[in-house]
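Novice: There's a structure below that I have some questions on.
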Amino acid sequence: MQLVYSFIIPVYNRPDEIDELLQSFKGLTSSIPFEIVIIEDGSNTTSEAVIERYNKDLNISYFYKNNTGPGDSRNYGMQHAKGNYFIILDSDVILPENYLTEVDKSLKAYYIDCFGGPDAAHQSFSDLQKAINFSMTSFITTGGIRGHKKSVDKFQPRSFNMGISKKAFLASKGFGQIHPGEDPDLSIRLWNLGFKTALIPTAIVYHKRRISWRKFYQQVHKFGLVRPILNKWHPETKKFTYWFPSLFCLGFILALGLFIFNIKWLLGFYILYFVIAFVMALFNTRSVKVALAAMGAICIQFLGYGYGFIRSTLAIGMLNKDPEVRFPKLFFKLK
(Lines give C-alpha, C1' and ligand atoms only; values in the text may rest on other atoms or scores of the structure.)
Protein backbone atom coordinates (compact mmCIF):
# COMPACT_ATOMS: atom_id res chain seq x y z
CA MET A 1 0.00 0.00 0.00
CA GLN A 2 1.26 3.44 -0.93
CA LEU A 3 1.21 5.60 2.17
CA VAL A 4 -0.06 9.16 1.74
CA TYR A 5 0.49 11.22 4.89
CA SER A 6 -1.78 13.88 6.33
CA PHE A 7 -0.71 15.72 9.48
CA ILE A 8 -3.71 16.54 11.70
CA ILE A 9 -3.21 19.47 14.10
CA PRO A 10 -5.97 20.95 16.28
CA VAL A 11 -5.24 24.38 17.76
CA TYR A 12 -6.97 26.54 20.33
CA ASN A 13 -5.79 30.15 20.86
CA ARG A 14 -2.12 29.32 20.17
CA PRO A 15 -0.95 31.03 16.97
CA ASP A 16 2.63 31.35 18.29
CA GLU A 17 2.87 27.58 18.71
CA ILE A 18 1.55 26.98 15.19
CA ASP A 19 4.19 29.38 13.89
CA GLU A 20 7.00 27.37 15.51
CA LEU A 21 5.53 24.05 14.40
CA LEU A 22 5.12 25.15 10.77
CA GLN A 23 8.64 26.50 10.77
CA SER A 24 9.86 23.04 11.81
CA PHE A 25 7.84 21.50 8.95
CA LYS A 26 9.85 23.65 6.55
CA GLY A 27 13.00 22.10 8.01
CA LEU A 28 12.03 18.48 7.27
CA THR A 29 14.70 16.86 5.15
CA SER A 30 12.45 14.18 3.69
CA SER A 31 11.22 14.50 0.10
CA ILE A 32 8.08 12.50 0.94
CA PRO A 33 4.99 14.55 0.04
CA PHE A 34 2.49 15.37 2.78
CA GLU A 35 -0.35 17.68 3.62
CA ILE A 36 -1.02 19.60 6.83
CA VAL A 37 -4.60 19.89 8.11
CA ILE A 38 -5.03 22.54 10.82
CA ILE A 39 -8.32 22.68 12.71
CA GLU A 40 -9.06 25.88 14.62
CA ASP A 41 -11.22 24.69 17.52
CA GLY A 42 -13.34 27.79 18.10
CA SER A 43 -10.37 30.01 18.99
CA ASN A 44 -10.80 33.69 19.84
CA THR A 45 -7.22 34.34 18.73
CA THR A 46 -6.89 32.44 15.47
CA SER A 47 -3.84 31.17 13.60
CA GLU A 48 -5.12 32.19 10.16
CA ALA A 49 -2.66 35.05 9.64
CA VAL A 50 0.26 32.84 10.69
CA ILE A 51 -0.81 30.06 8.33
CA GLU A 52 -1.07 32.45 5.38
CA ARG A 53 2.67 33.12 5.66
CA TYR A 54 3.42 29.43 5.05
CA ASN A 55 0.90 28.65 2.31
CA LYS A 56 3.47 29.11 -0.48
CA ASP A 57 5.93 26.67 1.09
CA LEU A 58 3.64 24.06 2.66
CA ASN A 59 0.50 22.23 1.56
CA ILE A 60 -1.89 23.42 4.27
CA SER A 61 -5.65 23.05 4.64
CA TYR A 62 -7.17 25.28 7.31
CA PHE A 63 -10.58 24.80 8.92
CA TYR A 64 -12.40 26.86 11.56
CA LYS A 65 -15.13 25.20 13.62
CA ASN A 66 -17.00 25.58 16.90
CA ASN A 67 -15.17 24.58 20.08
CA THR A 68 -15.86 20.87 20.60
CA GLY A 69 -12.52 19.79 22.04
CA PRO A 70 -9.31 18.30 20.64
CA GLY A 71 -10.71 14.81 20.08
CA ASP A 72 -13.59 15.92 17.90
CA SER A 73 -11.32 18.42 16.13
CA ARG A 74 -8.90 15.63 15.21
CA ASN A 75 -11.84 13.57 13.91
CA TYR A 76 -12.95 16.57 11.86
CA GLY A 77 -9.47 16.94 10.41
CA MET A 78 -9.22 13.25 9.50
CA GLN A 79 -12.64 13.40 7.83
CA HIS A 80 -11.40 16.23 5.59
CA ALA A 81 -7.86 14.93 4.99
CA LYS A 82 -6.78 13.57 1.61
CA GLY A 83 -4.23 11.03 2.86
CA ASN A 84 -4.66 7.42 3.91
CA TYR A 85 -2.39 7.64 6.96
CA PHE A 86 -2.92 10.38 9.55
CA ILE A 87 -0.19 11.73 11.82
CA ILE A 88 -1.68 13.60 14.77
CA LEU A 89 0.32 16.29 16.55
CA ASP A 90 -0.37 18.77 19.31
CA SER A 91 0.20 22.40 18.43
CA ASP A 92 2.92 22.72 21.10
CA VAL A 93 5.41 20.36 19.46
CA ILE A 94 8.40 20.97 17.19
CA LEU A 95 9.54 18.39 14.64
CA PRO A 96 13.16 17.27 14.21
CA GLU A 97 14.30 17.41 10.60
CA ASN A 98 14.26 13.60 10.26
CA TYR A 99 10.80 13.01 11.76
CA LEU A 100 8.87 11.98 8.64
CA THR A 101 11.83 9.97 7.36
CA GLU A 102 11.86 7.88 10.54
CA VAL A 103 8.09 7.35 10.51
CA ASP A 104 8.03 6.31 6.86
CA LYS A 105 11.04 4.01 7.22
CA SER A 106 9.51 2.25 10.22
CA LEU A 107 6.06 1.79 8.66
CA LYS A 108 7.56 0.37 5.48
CA ALA A 109 9.69 -2.07 7.48
CA TYR A 110 6.87 -3.09 9.84
CA TYR A 111 3.45 -1.71 9.00
CA ILE A 112 1.19 -0.89 11.91
CA ASP A 113 -2.24 0.76 11.87
CA CYS A 114 -1.52 2.93 14.89
CA PHE A 115 1.80 4.15 16.28
CA GLY A 116 3.04 6.52 18.91
CA GLY A 117 6.35 8.29 19.27
CA PRO A 118 8.29 9.65 22.26
CA ASP A 119 8.88 13.26 23.20
CA ALA A 120 11.96 15.16 24.33
CA ALA A 121 12.97 18.65 25.43
CA HIS A 122 14.49 20.95 22.82
CA GLN A 123 17.58 22.90 23.79
CA SER A 124 15.63 26.14 23.34
CA PHE A 125 13.03 25.19 25.96
CA SER A 126 12.90 27.02 29.28
CA ASP A 127 14.30 25.47 32.45
CA LEU A 128 10.73 24.86 33.64
CA GLN A 129 9.80 23.07 30.43
CA LYS A 130 12.92 20.90 30.64
CA ALA A 131 12.17 20.04 34.28
CA ILE A 132 8.58 19.09 33.48
CA ASN A 133 9.73 17.08 30.48
CA PHE A 134 12.08 15.05 32.69
CA SER A 135 9.30 14.35 35.15
CA MET A 136 6.87 13.32 32.42
CA THR A 137 9.27 11.08 30.50
CA SER A 138 11.59 9.49 33.07
CA PHE A 139 11.03 5.83 33.96
CA ILE A 140 11.65 6.71 37.62
CA THR A 141 8.37 8.67 37.71
CA THR A 142 4.85 7.92 36.49
CA GLY A 143 5.85 9.39 33.15
CA GLY A 144 7.86 7.83 30.39
CA ILE A 145 6.87 5.93 27.33
CA ARG A 146 3.62 3.97 27.74
CA GLY A 147 5.27 0.72 26.81
CA HIS A 148 8.73 -0.11 25.52
CA LYS A 149 10.55 -0.91 22.30
CA LYS A 150 9.25 -4.48 22.24
CA SER A 151 5.65 -3.44 22.92
CA VAL A 152 3.20 -4.08 20.10
CA ASP A 153 -0.34 -4.82 21.15
CA LYS A 154 -0.18 -3.10 24.54
CA PHE A 155 1.45 0.22 23.70
CA GLN A 156 -0.84 3.22 24.15
CA PRO A 157 0.10 6.09 21.82
CA ARG A 158 -0.52 9.65 22.96
CA SER A 159 -2.08 12.19 20.65
CA PHE A 160 0.72 14.74 20.87
CA ASN A 161 2.63 12.36 18.54
CA MET A 162 0.47 9.62 17.09
CA GLY A 163 -0.28 7.98 13.75
CA ILE A 164 -3.40 6.13 12.69
CA SER A 165 -4.42 4.65 9.35
CA LYS A 166 -7.58 5.81 7.63
CA LYS A 167 -8.84 2.23 7.87
CA ALA A 168 -8.42 2.19 11.66
CA PHE A 169 -9.99 5.65 11.98
CA LEU A 170 -13.08 4.65 10.02
CA ALA A 171 -13.46 1.39 11.95
CA SER A 172 -13.11 3.04 15.37
CA LYS A 173 -14.84 6.34 14.47
CA GLY A 174 -11.88 8.12 16.02
CA PHE A 175 -11.60 9.90 19.33
CA GLY A 176 -14.30 10.17 21.98
CA GLN A 177 -15.45 13.29 23.83
CA ILE A 178 -13.45 12.79 27.03
CA HIS A 179 -10.35 14.96 27.49
CA PRO A 180 -7.76 14.12 28.57
CA GLY A 181 -7.92 10.36 28.14
CA GLU A 182 -9.25 10.31 24.60
CA ASP A 183 -6.05 8.75 23.26
CA PRO A 184 -5.78 5.68 25.58
CA ASP A 185 -9.52 5.19 25.11
CA LEU A 186 -8.98 5.08 21.34
CA SER A 187 -6.03 2.68 21.69
CA ILE A 188 -8.08 0.24 23.76
CA ARG A 189 -11.00 0.36 21.31
CA LEU A 190 -8.58 -0.28 18.44
CA TRP A 191 -7.23 -3.36 20.23
CA ASN A 192 -10.79 -4.64 20.68
CA LEU A 193 -11.34 -4.19 16.93
CA GLY A 194 -8.27 -6.28 16.16
CA PHE A 195 -5.83 -3.49 15.31
CA LYS A 196 -2.34 -3.35 16.77
CA THR A 197 -0.39 -0.41 18.13
CA ALA A 198 3.35 0.12 18.39
CA LEU A 199 6.01 2.54 19.49
CA ILE A 200 8.33 4.03 16.90
CA PRO A 201 11.20 5.02 19.21
CA THR A 202 12.94 7.14 16.57
CA ALA A 203 9.84 9.23 15.78
CA ILE A 204 10.69 11.86 18.39
CA VAL A 205 9.05 15.26 18.75
CA TYR A 206 10.06 18.14 20.98
CA HIS A 207 7.09 18.72 23.29
CA LYS A 208 6.74 21.98 25.21
CA ARG A 209 3.99 20.84 27.56
CA ARG A 210 2.61 23.29 30.13
CA ILE A 211 4.52 26.46 30.90
CA SER A 212 3.59 27.09 34.54
CA TRP A 213 3.44 25.05 37.74
CA ARG A 214 -0.29 25.72 38.07
CA LYS A 215 -1.09 24.51 34.56
CA PHE A 216 1.12 21.46 35.03
CA TYR A 217 -0.73 20.54 38.25
CA GLN A 218 -4.10 20.97 36.51
CA GLN A 219 -2.95 18.74 33.66
CA VAL A 220 -1.70 15.83 35.78
CA HIS A 221 -4.69 16.15 38.12
CA LYS A 222 -6.97 15.59 35.14
CA PHE A 223 -4.87 12.59 34.11
CA GLY A 224 -5.57 11.14 37.56
CA LEU A 225 -9.29 11.86 37.31
CA VAL A 226 -9.55 10.21 33.91
CA ARG A 227 -7.85 6.89 34.68
CA PRO A 228 -10.63 5.39 36.90
CA ILE A 229 -13.15 6.39 34.22
CA LEU A 230 -11.14 4.49 31.61
CA ASN A 231 -10.88 1.57 34.03
CA LYS A 232 -14.67 1.52 34.32
CA TRP A 233 -15.15 1.68 30.55
CA HIS A 234 -12.43 -0.87 29.89
CA PRO A 235 -12.09 -3.04 33.04
CA GLU A 236 -9.75 -5.46 31.28
CA THR A 237 -7.05 -2.74 31.28
CA LYS A 238 -6.97 -2.14 35.04
CA LYS A 239 -3.47 -2.22 36.57
CA PHE A 240 -2.28 -1.94 40.14
CA THR A 241 0.47 0.41 38.95
CA TYR A 242 -2.14 3.13 38.43
CA TRP A 243 -2.30 3.36 42.22
CA PHE A 244 1.40 4.13 42.62
CA PRO A 245 1.19 7.96 42.67
CA SER A 246 -1.58 7.88 45.28
CA LEU A 247 0.29 5.34 47.41
CA PHE A 248 3.49 7.35 47.03
CA CYS A 249 1.78 10.45 48.46
CA LEU A 250 0.03 8.57 51.26
CA GLY A 251 3.31 6.84 52.09
CA PHE A 252 5.07 10.17 52.38
CA ILE A 253 2.46 11.40 54.86
CA LEU A 254 2.94 8.17 56.82
CA ALA A 255 6.72 8.65 56.72
CA LEU A 256 6.41 12.11 58.26
CA GLY A 257 4.13 10.73 60.97
CA LEU A 258 6.54 7.90 61.78
CA PHE A 259 9.44 10.35 61.90
CA ILE A 260 7.73 12.16 64.78
CA PHE A 261 8.01 8.91 66.70
CA ASN A 262 11.66 8.55 65.71
CA ILE A 263 10.95 5.88 63.09
CA LYS A 264 13.10 7.09 60.22
CA TRP A 265 13.48 4.26 57.73
CA LEU A 266 10.46 5.12 55.57
CA LEU A 267 11.43 8.78 55.28
CA GLY A 268 14.92 7.59 54.42
CA PHE A 269 13.45 5.70 51.47
CA TYR A 270 11.92 8.90 50.13
CA ILE A 271 15.17 10.80 50.61
CA LEU A 272 17.01 8.08 48.70
CA TYR A 273 14.42 8.18 45.91
CA PHE A 274 14.82 11.92 45.41
CA VAL A 275 18.61 11.70 45.55
CA ILE A 276 18.51 9.11 42.75
CA ALA A 277 15.99 11.20 40.81
CA PHE A 278 18.15 14.32 41.20
CA VAL A 279 21.25 12.52 39.93
CA MET A 280 19.32 11.18 36.95
CA ALA A 281 17.89 14.62 36.16
CA LEU A 282 21.33 16.20 36.48
CA PHE A 283 22.83 13.62 34.12
CA ASN A 284 19.92 14.06 31.70
CA THR A 285 19.78 17.86 31.62
CA ARG A 286 23.37 18.84 32.56
CA SER A 287 21.94 21.60 34.75
CA VAL A 288 21.75 21.80 38.55
CA LYS A 289 18.96 24.38 38.24
CA VAL A 290 16.84 22.17 36.00
CA ALA A 291 17.55 19.09 38.13
CA LEU A 292 16.33 20.91 41.24
CA ALA A 293 13.22 22.12 39.41
CA ALA A 294 12.63 18.54 38.25
CA MET A 295 12.26 17.49 41.89
CA GLY A 296 9.43 19.99 42.23
CA ALA A 297 7.89 18.70 39.00
CA ILE A 298 8.00 15.12 40.29
CA CYS A 299 6.24 16.17 43.51
CA ILE A 300 3.53 18.00 41.58
CA GLN A 301 3.12 15.08 39.22
CA PHE A 302 2.66 12.53 42.02
CA LEU A 303 0.41 14.83 44.06
CA GLY A 304 -1.76 16.00 41.16
CA TYR A 305 -2.22 12.58 39.60
CA GLY A 306 -2.49 10.75 42.92
CA TYR A 307 -5.12 13.08 44.36
CA GLY A 308 -7.11 13.05 41.13
CA PHE A 309 -6.99 9.26 40.97
CA ILE A 310 -8.31 8.89 44.54
CA ARG A 311 -11.07 11.46 43.95
CA SER A 312 -12.23 9.73 40.82
CA THR A 313 -11.90 6.22 42.27
CA LEU A 314 -14.14 7.17 45.18
CA ALA A 315 -16.73 8.85 42.95
CA ILE A 316 -16.72 6.49 39.96
CA GLY A 317 -15.47 3.19 41.33
CA MET A 318 -17.03 3.16 44.79
CA LEU A 319 -20.03 5.52 44.70
CA ASN A 320 -20.84 4.58 41.09
CA LYS A 321 -21.40 8.18 40.00
CA ASP A 322 -21.92 9.01 36.33
CA PRO A 323 -18.52 10.32 35.09
CA GLU A 324 -20.08 13.04 32.91
CA VAL A 325 -22.25 14.25 35.78
CA ARG A 326 -19.53 14.12 38.46
CA PHE A 327 -16.69 15.52 36.30
CA PRO A 328 -18.38 17.48 33.49
CA LYS A 329 -15.23 19.48 32.69
CA LEU A 330 -13.58 16.29 31.43
CA PHE A 331 -16.13 15.98 28.61
CA PHE A 332 -16.73 18.12 25.54
CA LYS A 333 -20.22 18.37 24.07
CA LEU A 334 -20.79 18.38 20.31
CA LYS A 335 -22.36 21.60 19.10
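Here, A, B, ... name the chains of the C-alpha coordinates in the order displayed, residue numbers run from 1 inside each chain, and ligands are numbered from 1 in the same displayed order.
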Would you tabulate, counting only C-alpha atoms, all residues of range 176-198 of chain A that have an atom at most 12 Å from an atom of range 235-244 of chain A, showing the closest pair of atoms and their distance in Å to one decimal, sorted by chain then ascending number, as CSV?
Specialist:
residue,atom,partner,partner_atom,distance
A:Pro184,CA,A:Thr237,CA,10.2
A:Asp185,CA,A:Thr237,CA,10.3
A:Ser187,CA,A:Thr237,CA,11.1
A:Ile188,CA,A:Thr237,CA,8.2
A:Arg189,CA,A:Thr237,CA,11.2
A:Trp191,CA,A:Thr237,CA,11.1
A:Asn192,CA,A:Glu236,CA,10.7
Novice: Could you take the residues named above and write them with N, CA and C atoms, as a PDB file, in the first residue's frame?
Specialist:
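As a result, out-v5.pdb now contains:
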ATOM      1  N   PRO A 184      -5.763   7.087  25.127  1.00  0.00           N
ATOM      2  CA  PRO A 184      -5.781   5.682  25.583  1.00  0.00           C
ATOM      3  C   PRO A 184      -7.116   5.004  25.328  1.00  0.00           C
ATOM      4  N   ASP A 185      -8.208   5.762  25.416  1.00  0.00           N
ATOM      5  CA  ASP A 185      -9.520   5.186  25.114  1.00  0.00           C
ATOM      6  C   ASP A 185      -9.559   4.698  23.671  1.00  0.00           C
ATOM      7  N   SER A 187      -6.941   3.833  21.810  1.00  0.00           N
ATOM      8  CA  SER A 187      -6.033   2.683  21.690  1.00  0.00           C
ATOM      9  C   SER A 187      -6.719   1.392  22.121  1.00  0.00           C
ATOM     10  N   ILE A 188      -7.418   1.438  23.239  1.00  0.00           N
ATOM     11  CA  ILE A 188      -8.082   0.244  23.755  1.00  0.00           C
ATOM     12  C   ILE A 188      -9.176  -0.221  22.801  1.00  0.00           C
ATOM     13  N   ARG A 189      -9.938   0.740  22.258  1.00  0.00           N
ATOM     14  CA  ARG A 189     -10.997   0.363  21.311  1.00  0.00           C
ATOM     15  C   ARG A 189     -10.405  -0.223  20.028  1.00  0.00           C
ATOM     16  N   TRP A 191      -7.599  -1.988  19.884  1.00  0.00           N
ATOM     17  CA  TRP A 191      -7.231  -3.363  20.233  1.00  0.00           C
ATOM     18  C   TRP A 191      -8.445  -4.283  20.132  1.00  0.00           C
ATOM     19  N   ASN A 192      -9.578  -3.812  20.682  1.00  0.00           N
ATOM     20  CA  ASN A 192     -10.785  -4.636  20.681  1.00  0.00           C
ATOM     21  C   ASN A 192     -11.304  -4.901  19.268  1.00  0.00           C
TER      22      ASN A 192
END
Novice: Need the shell around range 124-139 of chain A: protein/DNA/RNA residues with any atom at most 12 Å away, counting only C-alpha atoms. Skip same-chain ones fewer than 5 positions apart. Format as a ChimeraX atom specification?
Specialist: /A:20,92-94,117-119,144-148,205-217,219-220,223,274,276-302,305
Novice: From the DSSP assignment of the backbone, select every residue of range 61-280 of chain A that is helix (DSSP H, G or I), and format the answer as a ChimeraX atom specification.
Specialist: /A:69-80,99-109,127-137,166-172,182-192,213-233,235-237,240-260,265-280
Novice: Pick from A:Tyr85, A:Phe7, A:Tyr12, A:Phe327: nearest to Ser61 in chain A, with only C-alpha atoms counted?
Specialist: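 Nearest to Ser61 in chain A: A:Phe7.
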Novice: Residues within 12 Å of Ile253 in chain A, please, as a VMD selection string. Count only C-alpha atoms; anything in the same chain fewer than 4 positions from it doesn't count.
Specialist: chain A and resid 246 to 249 257 to 260 266 to 267 270 303
Novice: Given only C-alpha atoms as the basis, pick out the residue of A:Phe195, A:Tyr111, A:Phe160, A:Tyr76 nearest to Pro180 in chain A.
Specialist: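 Of A:Phe195, A:Tyr111, A:Phe160, A:Tyr76, the one nearest Pro180 in chain A, counting only C-alpha atoms, is A:Phe160.
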Novice: Could you check which of A:Phe25, A:Phe175, A:Phe169, A:Tyr273 is closest to Ile140 in chain A, using only C-alpha atoms?
Specialist: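 Among the listed residues, A:Tyr273 lies closest to Ile140 in chain A.
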Novice: CA of Gln79 in chain A and CA of Cys114 in chain A are how many Å apart?
Specialist: 16.8 Å
Novice: Between A:Ser47, A:Thr29, A:Thr101, A:Asn13, which has the minimum distance to Tyr62 in chain A (counting only C-alpha atoms)?
Specialist: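 So, comparing all the options, the nearest one is A:Ser47.
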Novice: List the neighbours of Asn67 in chain A out to 10 Å using only C-alpha atoms; skip same-chain residues closer than 6 positions along the sequence, and give me the result as a PyMOL selection string.
Specialist: chain A and resi 12+40-43+73+332-335
Novice: Write the selection just made, keeping all heavy atoms, as a PDB file, in the first residue's frame?
Specialist:
ATOM      1  N   TYR A  12      -6.013  25.708  19.601  1.00  0.00           N
ATOM      2  CA  TYR A  12      -6.975  26.538  20.334  1.00  0.00           C
ATOM      3  C   TYR A  12      -6.225  27.717  20.952  1.00  0.00           C
ATOM      4  O   TYR A  12      -5.488  27.571  21.924  1.00  0.00           O
ATOM      5  CB  TYR A  12      -7.674  25.718  21.424  1.00  0.00           C
ATOM      6  CG  TYR A  12      -8.692  26.502  22.228  1.00  0.00           C
ATOM      7  CD1 TYR A  12      -9.886  26.908  21.640  1.00  0.00           C
ATOM      8  CD2 TYR A  12      -8.453  26.838  23.556  1.00  0.00           C
ATOM      9  CE1 TYR A  12     -10.826  27.630  22.366  1.00  0.00           C
ATOM     10  CE2 TYR A  12      -9.385  27.553  24.290  1.00  0.00           C
ATOM     11  CZ  TYR A  12     -10.572  27.950  23.693  1.00  0.00           C
ATOM     12  OH  TYR A  12     -11.490  28.664  24.404  1.00  0.00           O
ATOM     13  N   GLU A  40      -8.915  24.851  13.597  1.00  0.00           N
ATOM     14  CA  GLU A  40      -9.063  25.881  14.622  1.00  0.00           C
ATOM     15  C   GLU A  40     -10.324  25.567  15.424  1.00  0.00           C
ATOM     16  O   GLU A  40     -11.443  25.654  14.919  1.00  0.00           O
ATOM     17  CB  GLU A  40      -9.179  27.255  13.965  1.00  0.00           C
ATOM     18  CG  GLU A  40      -8.990  28.415  14.889  1.00  0.00           C
ATOM     19  CD  GLU A  40      -7.520  28.766  15.090  1.00  0.00           C
ATOM     20  OE1 GLU A  40      -6.835  29.132  14.134  1.00  0.00           O
ATOM     21  OE2 GLU A  40      -7.080  28.697  16.266  1.00  0.00           O
ATOM     22  N   ASP A  41     -10.120  25.206  16.697  1.00  0.00           N
ATOM     23  CA  ASP A  41     -11.217  24.686  17.518  1.00  0.00           C
ATOM     24  C   ASP A  41     -11.936  25.810  18.256  1.00  0.00           C
ATOM     25  O   ASP A  41     -11.926  25.880  19.480  1.00  0.00           O
ATOM     26  CB  ASP A  41     -10.670  23.646  18.500  1.00  0.00           C
ATOM     27  CG  ASP A  41     -11.753  22.928  19.272  1.00  0.00           C
ATOM     28  OD1 ASP A  41     -12.896  22.852  18.776  1.00  0.00           O
ATOM     29  OD2 ASP A  41     -11.462  22.421  20.369  1.00  0.00           O
ATOM     30  N   GLY A  42     -12.562  26.714  17.487  1.00  0.00           N
ATOM     31  CA  GLY A  42     -13.336  27.792  18.100  1.00  0.00           C
ATOM     32  C   GLY A  42     -12.495  28.842  18.790  1.00  0.00           C
ATOM     33  O   GLY A  42     -12.963  29.491  19.743  1.00  0.00           O
ATOM     34  N   SER A  43     -11.276  29.062  18.336  1.00  0.00           N
ATOM     35  CA  SER A  43     -10.368  30.012  18.987  1.00  0.00           C
ATOM     36  C   SER A  43     -10.862  31.447  18.872  1.00  0.00           C
ATOM     37  O   SER A  43     -11.465  31.841  17.865  1.00  0.00           O
ATOM     38  CB  SER A  43      -8.969  29.923  18.366  1.00  0.00           C
ATOM     39  OG  SER A  43      -8.429  28.638  18.473  1.00  0.00           O
ATOM     40  N   SER A  73     -12.027  17.635  17.142  1.00  0.00           N
ATOM     41  CA  SER A  73     -11.317  18.415  16.128  1.00  0.00           C
ATOM     42  C   SER A  73     -10.389  17.528  15.308  1.00  0.00           C
ATOM     43  O   SER A  73     -10.254  17.698  14.086  1.00  0.00           O
ATOM     44  CB  SER A  73     -10.511  19.539  16.793  1.00  0.00           C
ATOM     45  OG  SER A  73     -11.373  20.478  17.404  1.00  0.00           O
ATOM     46  N   PHE A 332     -16.293  17.090  26.479  1.00  0.00           N
ATOM     47  CA  PHE A 332     -16.733  18.115  25.540  1.00  0.00           C
ATOM     48  C   PHE A 332     -18.054  17.676  24.916  1.00  0.00           C
ATOM     49  O   PHE A 332     -18.249  16.492  24.613  1.00  0.00           O
ATOM     50  CB  PHE A 332     -15.701  18.324  24.425  1.00  0.00           C
ATOM     51  CG  PHE A 332     -14.557  19.208  24.822  1.00  0.00           C
ATOM     52  CD1 PHE A 332     -13.437  18.661  25.419  1.00  0.00           C
ATOM     53  CD2 PHE A 332     -14.607  20.564  24.613  1.00  0.00           C
ATOM     54  CE1 PHE A 332     -12.359  19.467  25.795  1.00  0.00           C
ATOM     55  CE2 PHE A 332     -13.554  21.380  24.974  1.00  0.00           C
ATOM     56  CZ  PHE A 332     -12.419  20.839  25.575  1.00  0.00           C
ATOM     57  N   LYS A 333     -18.937  18.635  24.707  1.00  0.00           N
ATOM     58  CA  LYS A 333     -20.216  18.367  24.068  1.00  0.00           C
ATOM     59  C   LYS A 333     -20.164  18.815  22.614  1.00  0.00           C
ATOM     60  O   LYS A 333     -19.632  19.884  22.300  1.00  0.00           O
ATOM     61  CB  LYS A 333     -21.356  19.112  24.796  1.00  0.00           C
ATOM     62  CG  LYS A 333     -21.510  18.727  26.264  1.00  0.00           C
ATOM     63  CD  LYS A 333     -21.978  17.288  26.424  1.00  0.00           C
ATOM     64  CE  LYS A 333     -22.240  16.965  27.891  1.00  0.00           C
ATOM     65  NZ  LYS A 333     -22.672  15.554  28.066  1.00  0.00           N
ATOM     66  N   LEU A 334     -20.706  17.990  21.718  1.00  0.00           N
ATOM     67  CA  LEU A 334     -20.785  18.378  20.311  1.00  0.00           C
ATOM     68  C   LEU A 334     -21.816  19.493  20.149  1.00  0.00           C
ATOM     69  O   LEU A 334     -22.854  19.495  20.810  1.00  0.00           O
ATOM     70  CB  LEU A 334     -21.192  17.172  19.463  1.00  0.00           C
ATOM     71  CG  LEU A 334     -20.193  16.006  19.423  1.00  0.00           C
ATOM     72  CD1 LEU A 334     -20.733  14.885  18.553  1.00  0.00           C
ATOM     73  CD2 LEU A 334     -18.843  16.454  18.938  1.00  0.00           C
ATOM     74  N   LYS A 335     -21.460  20.448  19.292  1.00  0.00           N
ATOM     75  CA  LYS A 335     -22.363  21.605  19.100  1.00  0.00           C
ATOM     76  C   LYS A 335     -22.899  21.613  17.677  1.00  0.00           C
ATOM     77  O   LYS A 335     -22.243  21.206  16.758  1.00  0.00           O
ATOM     78  CB  LYS A 335     -21.592  22.906  19.371  1.00  0.00           C
ATOM     79  CG  LYS A 335     -21.082  23.002  20.823  1.00  0.00           C
ATOM     80  CD  LYS A 335     -20.298  24.275  21.028  1.00  0.00           C
ATOM     81  CE  LYS A 335     -19.760  24.366  22.448  1.00  0.00           C
ATOM     82  NZ  LYS A 335     -18.973  25.583  22.689  1.00  0.00           N
TER      83      LYS A 335
END
Novice: So what do you get for CA of Asp19 in chain A versus CA of Leu107 in chain A, distance-wise?
Specialist: 28.1 Å
Novice: Of the candidates A:Ile88, A:Ala121, A:Ile263, A:Ala198, which one gets nearest to Tyr5 in chain A if we count only C-alpha atoms?
Specialist: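 The answer is A:Ile88, which sits nearest to Tyr5 in chain A.
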